[in-house]
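Data block below; observations after.
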Number of protein chains: 2
Amino acid sequence: MAFRSEILIKLDKKGRVLLPAAFRDELPADDRGAFVLYHSPTIPGLVNGNSRAGFDAMLDRLRAEALGPKGSLKVALDDEAFDPAGYLSAGARTVSLEPDGRFTMPAEFVQTLDATDGVMLVGKVEKFQLWNPARWQARRDAEREKMAAFVRGLSGGDA
Amino acid sequence: MAFRSEILIKLDKKGRVLLPAAFRDELPADDRGAFVLYHSPTIPGLVNGNSRAGFDAMLDRLRAEALGPKGSLKVALDDEAFDPAGYLSAGARTVSLEPDGRFTMPAEFVQTLDATDGVMLVGKVEKFQLWNPARWQARRDAEREKMAAFVRGLSGGDA
DNA sequence: GGGTTTCCCATGGTATCCCATTGTATCCCG
DNA sequence: CGGGATACAATGGGATACCATGGGAAACCC
C-alpha cells in the first residue's frame with residue numbers, strides 16, 4: 001500500500017482522466033469505487049489525491065496533533081478557532097471511479113492545474129499528486145538537485 | 001537475505017528480463033510475486049532493485065533520519081518541503097514476477113539503462129543493481145582500484 | 001432541451017499466461 | 001564411481017487478457 005511511479009495520463013475532451021491500474025491497486029480493496037482529490041495547502045498549482053481512508057486518517061492525525069485531545073470537541077463548537085482539517089476538507093472532493101477506472105476531473109482542479117491535454121500522476125508513498133506536466137518537469141529537476149545535496153550531506157563520510 | 005554475484009541476463013524482444021534464481025531466493029518467502037525497481041538517486045544510468053519490504057524499510061529509515069520524529073505529519077501536508085522518500089517513490093515502480101521468474105522491464109528503465117539485448121544484475125548485499133553491461137565493465141574496473149586502495153589503507157598494521 | 005454526465009462498446013498496444021526447448025546441475029542406482 | 005534419468009534454470013514464442021484511450025448513445029438535471 002504505497003503509491004509509486006510517475007505516469008502521464010491523457011485528459012480527454014470530456015474531462016475524463018484515467019487513474020492508472022498501478023494507483024487503483026493501492027486503494028483499499030473494499031473501497032475502490034471512489035477516492036479523494038484536494039488542493040495542496042502549500043503549492044498553489046498542485047492537486048493531491050488519496051483514498052478516502054487515507055485522507056480521513058490524515059485529518060484525524062492533523063486534529064490530534066495540532067489541537068490536542070480536546071481539539072475535536074472544541075473545533076466542533078468553536079467556529080472562530082482555526083481548524084486545519086476543516087480547511088482541507090473544504091478544498092477536497094470525493095470523486096467516484098467509473099467501472100473502467102476513469103473519473104471526471106472536477107473543473108476547479110482542472111483550473112488550478114491549468115491542465116490542457118494531460119496530467120502527470122506522481123506517487124508519493126502514502127498519497128499521490130496531480131501535476132501539470134510542464135510544472136512537474138521543473139519541480140522534478142529541482143528535487144533531483146535537492147536529493148543529490150541530501151545524499152551528499154548524509155553523515156558517514158564521502159568514502 | 002543478501003544479494004550476491006553478478007549475472008548477465010538477456011533482455012528479449014518483448015522486453016522481458018529474468019530475475020535469476022539466486023536473486024529470487026533472496027526475496028522474502030511470503031512476497032516472491034513482486035519487487036521494486038527504482039532509479040539511482042546519484043548515478044544517472046543506473047537502476048536499483050529490492051524487495052518491497054526492503055524498499056519500504058529504506059524509505060522509513062530515510063524519513064526518520066531526514067525529518068525527525070515529528071516529521072510524518074508535516075511531510076504528509078507540506079508539498080513544498082523536500083521529501084527524499086517521496087522523491088525515490090516517484091522514481092520507483094513495483095513490478096510483478098511471472099511464474100517462471102521473469103518480469104517485463106518498464107520502458108523508462110530500459111531507456112535509462114540504454115539496454116539493448118542484455119542487463120547486468122549485480123548483488124549489493126541488501127539491494128541489487130541493474131547495469132548496462134558495458135557501463136558495468138567500466139564501473140567494475142574503477143571499483144577494483146578503489147577496493148585495493150581501501151584495503152591497503154586499513155589500519156591494523158602492515159603485518 | 002441543451003449541455004453535461006454516465007454507461008457501454010470499440011480498438012491498439014502491451015503484458016501475462018502457457019507451452020516448448022536447451023543446457024546444466026543434481027540425483028539415483030547398481 | 002559411471003551413466004543415464006531427473007529436476008531446474010534460462011530463453012523463445014504463440015495466444016490471450018488487460019490497460020489506456022476514443023467515441024456513441026442513453027440518462028440526467030436545472
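Just so we're on the same page: first chain in the C-alpha cells is A, next is B, and so on; residues restart at 1 for each chain, and ligands are numbered from 1 in the order they show up.
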
Enumerate, in order of chain and increasing residue number, the residues of chain B with an atom no farther than 9 Å from chain D, each with its shortest atom pair and distance in Å to one decimal, counting only C-alpha atoms (C1' of nucleotides), as a tab-separated table.
```
residue	atom	partner	partner_atom	distance
B:Ile9	CA	D:DA10	C1'	8.6
B:Lys10	CA	D:DT11	C1'	8.1
B:Asp12	CA	D:DT11	C1'	8.4
B:Leu18	CA	D:DA10	C1'	7.7
B:Pro20	CA	D:DA9	C1'	8.3
B:Ala21	CA	D:DA9	C1'	7.4
```

Restricting the output to N, CA and C atoms, write the selected residues as a compact mmCIF listing (two decimals), in the first residue's frame.
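Saved to result_10.txt:
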```txt
# COMPACT_ATOMS: atom_id res chain seq x y z
N ILE B 9 21.98 -11.13 -17.88
CA ILE B 9 20.70 -11.72 -18.29
C ILE B 9 20.23 -11.09 -19.59
N LYS B 10 19.61 -11.91 -20.43
CA LYS B 10 19.10 -11.42 -21.71
C LYS B 10 17.89 -10.51 -21.53
N ASP B 12 14.89 -9.84 -23.81
CA ASP B 12 14.36 -10.34 -25.08
C ASP B 12 13.54 -9.27 -25.80
N LEU B 18 14.85 -11.96 -16.94
CA LEU B 18 14.74 -12.98 -15.90
C LEU B 18 15.42 -12.49 -14.63
N PRO B 20 17.27 -13.75 -11.81
CA PRO B 20 17.91 -15.06 -11.61
C PRO B 20 17.47 -15.72 -10.31
N ALA B 21 17.51 -17.02 -10.32
CA ALA B 21 17.07 -17.79 -9.15
C ALA B 21 17.83 -17.35 -7.91
```

Near Val17 (chain B), within 9 Å and counting only C-alpha atoms (C1' of nucleotides), which residues show up once chain neighbours fewer than 5 positions away are dropped, as a list in words?
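So the residues in contact are Ile9, Lys10, Leu11, Asp12, Gly101, Arg102, Phe103, Thr104, Met105, Gly118 and Val119 of chain B.
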
Could the residues in this selection be saved with N, CA and C atoms as a PDB file, in the first residue's frame?
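Resulting contents of result32.pdb:
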```pdb
ATOM      1  N   ILE B   9      21.977 -11.131 -17.877  1.00  0.00           N
ATOM      2  CA  ILE B   9      20.700 -11.717 -18.288  1.00  0.00           C
ATOM      3  C   ILE B   9      20.235 -11.086 -19.594  1.00  0.00           C
ATOM      4  N   LYS B  10      19.608 -11.913 -20.427  1.00  0.00           N
ATOM      5  CA  LYS B  10      19.100 -11.420 -21.714  1.00  0.00           C
ATOM      6  C   LYS B  10      17.893 -10.506 -21.531  1.00  0.00           C
ATOM      7  N   LEU B  11      17.822  -9.512 -22.378  1.00  0.00           N
ATOM      8  CA  LEU B  11      16.612  -8.705 -22.488  1.00  0.00           C
ATOM      9  C   LEU B  11      15.986  -9.093 -23.819  1.00  0.00           C
ATOM     10  N   ASP B  12      14.888  -9.843 -23.809  1.00  0.00           N
ATOM     11  CA  ASP B  12      14.357 -10.341 -25.078  1.00  0.00           C
ATOM     12  C   ASP B  12      13.545  -9.268 -25.805  1.00  0.00           C
ATOM     13  N   GLY B 101       9.609 -16.598 -13.200  1.00  0.00           N
ATOM     14  CA  GLY B 101      10.692 -15.795 -12.654  1.00  0.00           C
ATOM     15  C   GLY B 101      11.093 -14.600 -13.494  1.00  0.00           C
ATOM     16  N   ARG B 102      10.371 -14.378 -14.602  1.00  0.00           N
ATOM     17  CA  ARG B 102      10.700 -13.209 -15.428  1.00  0.00           C
ATOM     18  C   ARG B 102       9.806 -12.029 -15.119  1.00  0.00           C
ATOM     19  N   PHE B 103      10.225 -10.844 -15.535  1.00  0.00           N
ATOM     20  CA  PHE B 103       9.388  -9.652 -15.399  1.00  0.00           C
ATOM     21  C   PHE B 103       9.585  -8.798 -16.639  1.00  0.00           C
ATOM     22  N   THR B 104       8.602  -7.990 -16.950  1.00  0.00           N
ATOM     23  CA  THR B 104       8.763  -7.072 -18.075  1.00  0.00           C
ATOM     24  C   THR B 104       9.369  -5.785 -17.559  1.00  0.00           C
ATOM     25  N   MET B 105      10.480  -5.418 -18.132  1.00  0.00           N
ATOM     26  CA  MET B 105      11.185  -4.212 -17.709  1.00  0.00           C
ATOM     27  C   MET B 105      10.434  -2.989 -18.228  1.00  0.00           C
ATOM     28  N   GLY B 118      20.881  -7.003 -23.269  1.00  0.00           N
ATOM     29  CA  GLY B 118      21.292  -7.645 -22.031  1.00  0.00           C
ATOM     30  C   GLY B 118      21.332  -6.681 -20.871  1.00  0.00           C
ATOM     31  N   VAL B 119      21.178  -7.215 -19.678  1.00  0.00           N
ATOM     32  CA  VAL B 119      21.239  -6.409 -18.456  1.00  0.00           C
ATOM     33  C   VAL B 119      22.139  -7.132 -17.455  1.00  0.00           C
TER      34      VAL B 119
END
```

Long-range neighbours of Leu27 (chain A) as a ChimeraX atom specification, 10 Å cut-off, only C-alpha atoms (C1' of nucleotides), 4 positions minimum in chain:
/A:1-3,22-23,31-35,50-54

Take the residues from that selection and write them out as a tab-separated table (two decimals), in the first residue's frame, keeping C-alpha atoms.
```
chain	number	residue	atom	x	y	z
A	1	MET	CA	0.00	0.00	0.00
A	2	ALA	CA	2.32	2.70	-1.23
A	3	PHE	CA	1.94	4.92	-4.27
A	22	ALA	CA	-0.86	0.88	-10.52
A	23	PHE	CA	-2.66	3.51	-8.43
A	31	ASP	CA	-13.25	0.91	-1.35
A	32	ARG	CA	-12.08	1.02	-4.93
A	33	GLY	CA	-15.07	2.91	-6.22
A	34	ALA	CA	-14.03	6.38	-5.14
A	35	PHE	CA	-11.16	8.45	-3.81
A	50	ASN	CA	-5.62	9.76	-1.70
A	51	SER	CA	-8.00	7.01	-0.78
A	52	ARG	CA	-10.93	8.05	1.37
A	53	ALA	CA	-9.43	6.11	4.27
A	54	GLY	CA	-6.02	7.66	3.76
```

Cut-off 12 Å: closest region 6-93 of chain A/region 56-79 of chain B atom pairs per residue, using only C-alpha atoms, as JSON lines:
```
{"residue": "A:Tyr38", "atom": "CA", "partner": "B:Leu77", "partner_atom": "CA", "distance": 11.1}
{"residue": "A:His39", "atom": "CA", "partner": "B:Asp79", "partner_atom": "CA", "distance": 10.5}
{"residue": "A:Ser40", "atom": "CA", "partner": "B:Asp79", "partner_atom": "CA", "distance": 6.8}
{"residue": "A:Pro41", "atom": "CA", "partner": "B:Asp78", "partner_atom": "CA", "distance": 7.0}
{"residue": "A:Thr42", "atom": "CA", "partner": "B:Asp78", "partner_atom": "CA", "distance": 6.0}
{"residue": "A:Ile43", "atom": "CA", "partner": "B:Asp79", "partner_atom": "CA", "distance": 6.4}
{"residue": "A:Pro44", "atom": "CA", "partner": "B:Asp79", "partner_atom": "CA", "distance": 10.0}
{"residue": "A:Gly45", "atom": "CA", "partner": "B:Asp79", "partner_atom": "CA", "distance": 11.0}
{"residue": "A:Leu46", "atom": "CA", "partner": "B:Asp79", "partner_atom": "CA", "distance": 8.6}
{"residue": "A:Val47", "atom": "CA", "partner": "B:Asp79", "partner_atom": "CA", "distance": 9.9}
{"residue": "A:Asn48", "atom": "CA", "partner": "B:Asp79", "partner_atom": "CA", "distance": 9.1}
{"residue": "A:Gly49", "atom": "CA", "partner": "B:Ala76", "partner_atom": "CA", "distance": 11.5}
{"residue": "A:Asn50", "atom": "CA", "partner": "B:Ala76", "partner_atom": "CA", "distance": 11.0}
{"residue": "A:Gly54", "atom": "CA", "partner": "B:Ala76", "partner_atom": "CA", "distance": 10.6}
{"residue": "A:Phe55", "atom": "CA", "partner": "B:Ala76", "partner_atom": "CA", "distance": 10.1}
{"residue": "A:Ala57", "atom": "CA", "partner": "B:Leu73", "partner_atom": "CA", "distance": 10.8}
{"residue": "A:Met58", "atom": "CA", "partner": "B:Ala76", "partner_atom": "CA", "distance": 7.6}
{"residue": "A:Leu59", "atom": "CA", "partner": "B:Leu73", "partner_atom": "CA", "distance": 9.9}
{"residue": "A:Asp60", "atom": "CA", "partner": "B:Leu73", "partner_atom": "CA", "distance": 10.6}
{"residue": "A:Arg61", "atom": "CA", "partner": "B:Leu73", "partner_atom": "CA", "distance": 7.4}
{"residue": "A:Leu62", "atom": "CA", "partner": "B:Leu73", "partner_atom": "CA", "distance": 7.2}
{"residue": "A:Arg63", "atom": "CA", "partner": "B:Leu73", "partner_atom": "CA", "distance": 10.7}
{"residue": "A:Ala64", "atom": "CA", "partner": "B:Leu73", "partner_atom": "CA", "distance": 10.6}
{"residue": "A:Glu65", "atom": "CA", "partner": "B:Leu73", "partner_atom": "CA", "distance": 8.4}
{"residue": "A:Ala66", "atom": "CA", "partner": "B:Leu73", "partner_atom": "CA", "distance": 9.7}
{"residue": "A:Pro84", "atom": "CA", "partner": "B:Leu77", "partner_atom": "CA", "distance": 10.5}
{"residue": "A:Ala85", "atom": "CA", "partner": "B:Leu77", "partner_atom": "CA", "distance": 10.7}
{"residue": "A:Leu88", "atom": "CA", "partner": "B:Leu77", "partner_atom": "CA", "distance": 9.8}
```

Give me, as a count of residues only, the contact residues of chain A against chain C at a cut-off of 10 Å, counting only C-alpha atoms (C1' of nucleotides).
4
